[in-house]
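Visitor: One structure is given below, represented as structure tokens, and several questions about it will come after.
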Amino acid sequence: MQDQILVSVKDLHTHFELRRGVFGRAGIVRAVDGVSFELRHGEAIAVVGESGCGKSTLARTILGLYRPTKGQVLFEGRPLDGDLRWYRAQIGYVQQDPYGALPPFMDVHRILTEPLVINNFQGDRERRIREVLEEVKLTPVEDFLYKFPHQLSGGQQQRLVIARAMILRPKFIVADEPVSMLDASVRVEILELLRALQRSHDLTVIYITHDLSTVRYFAERIFVMYAGKLIEKAPVQQLLKDPKHPYTQALLAAIPDPDPANAKTFKKVPPGEPPSLVNPPSGCRFHPRCPAFIAGLCDKETPPEFEPSPGHFVECWLYR
Amino acid sequence: MTERPVSQGQLIWRRFRRHKLGTLGGIIIVILMVLTLFAHFIAPYDYATQRRRFAYAPPTKIHFFDKEGRLSWPFVYGIQRERDPRGRWIYRENTDQVYPIKLFVKGDPYKLFWLIPTDIHLFGTGERDLNSPGQIFLFGTDDVGRDLFSRTLIGGWVSLSIGPLALAISLTLAIVFGGISGYFGGGWDNFIQRMIEVLNSFPGLPLLLALAAILPPGLPPAISFLLIIMILSILGWGGTARALRGLFLVLREQEFALAAKAMGASNARIIFKHLLPNTLSYLIVSATLGIPGLILAEASLSFLGFGIRDPMTSWGQLLNQFTDSTITNLTYHPWLMIPGFFIIVAVLAFNFMGDALRDATDPFSVQGR
Ligand SMILES: Nc1ncnc2c1ncn2[C@@H]1O[C@H](COP(=O)(O)OP(=O)(O)OP(=O)(O)O)[C@@H](O)[C@H]1O
Ligand code: SF4
Ligand SMILES: [Mg+2]
């Protein structure tokens, strides 16, 4: 089971058209622009990147919420196209803002019933609702069943979002910055809950964050995203000890101790302007900010993926 | 220790009751509804029966003390008609004729709830002769001697039911078209928006006048009633649909809409179950503010002679009597304005209630305990 590929993403592009007025097309936002990777069954990976680099768009495209402009996503070898009903019960989506993710006019019971009804869950629905609430530790269940989202604390709301994502027993969870909107005091609890669920259910997880210090909870691999591309992919320890891409190096420069457990200070924005996704820089997108920039190459040709050491991929001309 | 969870409905109810004016408005509306629903029974007379001898009779006084000043069962004196020095009819009380008010008296025949034929009225003098001086006109009479109180109650049913019925239709249209427009966008949105523009560019008043001209004058009252409802709702849904479109444009981008999509909900389910409830507050406000508008619209229609026509009646149609000789009528027969007072009270009551409901249904307001 471990080595089976569950999700594979092939040359994925998701572009948005920027409209101006009724006729004008102001440009194209290349939010996801050529992303490929594979996830094994039960594997958890983290995607890190600065704000606006396309993380949420990548998540939503993989979840089948946005149609890719180019490329495809395969789940257990089956491409996502046409009617995606088969896919819906296999996936769970944990969003960034738990309050916004919960319909304000439904109580807990109703919120959890929705996915069961929509996906025609066979079996005892009430029991499943209780089970999943206990699993996310919204207990005693009776106290929560008929509460509305606004009657729950932020942490409880996020537990409910997780319960909703888990209720159909999915194989695959996409958690998009699940703790960034929460109080620091409850972040660790929620991350530990997610990790416990990942372990006990053998879930495949994509954990999106801009905070490297939380990556240790989802330990296997880190993908670094920059301007719509995954510019470096490596096992966590390897990436932290030996970052290859100048962008990753800049990200980690502020962290004296490479152990992610101690990585409290994550320098969010390396020097220079974040790139525009409408008119991205030619060649390597990082070249205007890159200290190691190779004139005549980096600004002309887009670097392909190199593999300087086994399992460590990087899109940078330095490793050609 | 464990607190029983309260349902959303209970929450709304609690918050609503804290709103004093809103509660008052609600009570007034309920009273008006009951009065108009049982109108034929409560009214002492039929709405169409003319007592020509008593044209423009002022409101009849009800007496509780007899000539000697002793407390007595409520009664009225006989109405005596005389000419004033300028030759106008005036009415005096003839204190020699005493008519005690009787309960559950036989009077003009009618159908209770438009179904059960009967002739029992809640109160009256019991005089069956149209020319008998023993009459009870609580709000006075009109130019042909019809009892204004009876006409106000019976006309109230038309005025109060046109609003909700027309609204039900126009809100349904607005929800369907506004929802599709806002949620799907694109070509449908364009088409629906142009359609609304065309509808809104119809000049309302001339259109209604043209319709009034086309329609045969002898139309049965029920048909003209339905026609008014259709016309008001078809002309009226555009604005609400526009507003709903705007709300849906915002709602469809909300995270919870995306969450519903991620779990595989169909578009119809997302629109009606996940997004529409969030517009409830707006819908309620728009409805309660729309009802007075429709009551007034019906009044204007009837005023223009299209819509509810004599002898059928409504509050608006009752005000129509001012068309001929407004000033004279107002000066000499001020009681003819009473139906207007009902319009004002109903409009205010709906507005107060709408306000209270808006606050009560706002999910973001602090939870009431
Ligand atoms: N529906 C959309 N239409 C047009 N542009 C969009 C849309 N969604 C996202 N974008 C644009 O795509 C880019 C990437 O957005 P995305 O939300 O994926 O970034 P992100 O990495 O998740 O950022 P954050 O860390 O702030 O959540 C942004 O420039 C954003 O403005
Ligand atoms: S490709 Fe060139 S510009 Fe881009 S990161 Fe590597 S060295 Fe820097
Ligand atoms: Mg995001």
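If you're wondering about the labels, chains in the structure tokens are A, B, ... by order shown, residues count from 1 in each chain, ligands from 1 in order shown.
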Within 7 Å of chain A, which residues of chain B are there when counting only C-alpha atoms? Please give them as an MDAnalysis selection string.

Guide: chainID B and resid 5 254:256 259 262:265 274 277:278

Visitor: Give me every alpha helix (DSSP H) residue in segment 65-242 of chain A, going by DSSP on the backbone, as an MDAnalysis selection string.

Guide: chainID A and resid 85:88 98:101 108:118 125:135 141:145 154:166 184:201 236:241

Visitor: Taking only C-alpha atoms and all ligand atoms into account, list the residues no farther than 6 Å from ligand 1, as a JSON list (two decimals) with C-alpha atoms, in the first residue's frame.

Guide:
```
[["chain", "number", "residue", "atom", "x", "y", "z"],
["A", 16, "PHE", "CA", -7.47, 33.09, -14.28],
["A", 29, "VAL", "CA", -3.08, 35.37, -13.70],
["A", 31, "ALA", "CA", -1.67, 31.17, -10.35],
["A", 50, "GLU", "CA", 4.68, 33.25, 0.41],
["A", 51, "SER", "CA", 1.25, 34.79, 0.19],
["A", 52, "GLY", "CA", -0.23, 34.93, -3.29],
["A", 53, "CYS", "CA", 2.12, 32.39, -4.87],
["A", 54, "GLY", "CA", -0.80, 30.15, -5.82],
["A", 55, "LYS", "CA", -1.02, 27.65, -2.94],
["A", 56, "SER", "CA", -4.78, 27.85, -2.53],
["A", 57, "THR", "CA", -5.32, 27.71, -6.26]]
```

Visitor: Can you tell me which residues come within 10 Å of ligand 2 when counting only C-alpha atoms and all ligand atoms, ideally as JSON, numbers by chain?

Guide: {"A": [231, 244, 245, 246, 247, 248, 249, 283, 284, 285, 286, 287, 288, 289, 290, 291, 292, 293, 294, 295, 296, 297, 298, 299, 300, 301, 302, 303, 304, 314, 315, 316, 317, 318, 319, 320]}

Visitor: Env of Val73 of chain A: 12 Å cut, atoms = only C-alpha atoms, seq-sep filter 6 positions within chain, self excluded. Answer as a count of residues only.

Guide: 29
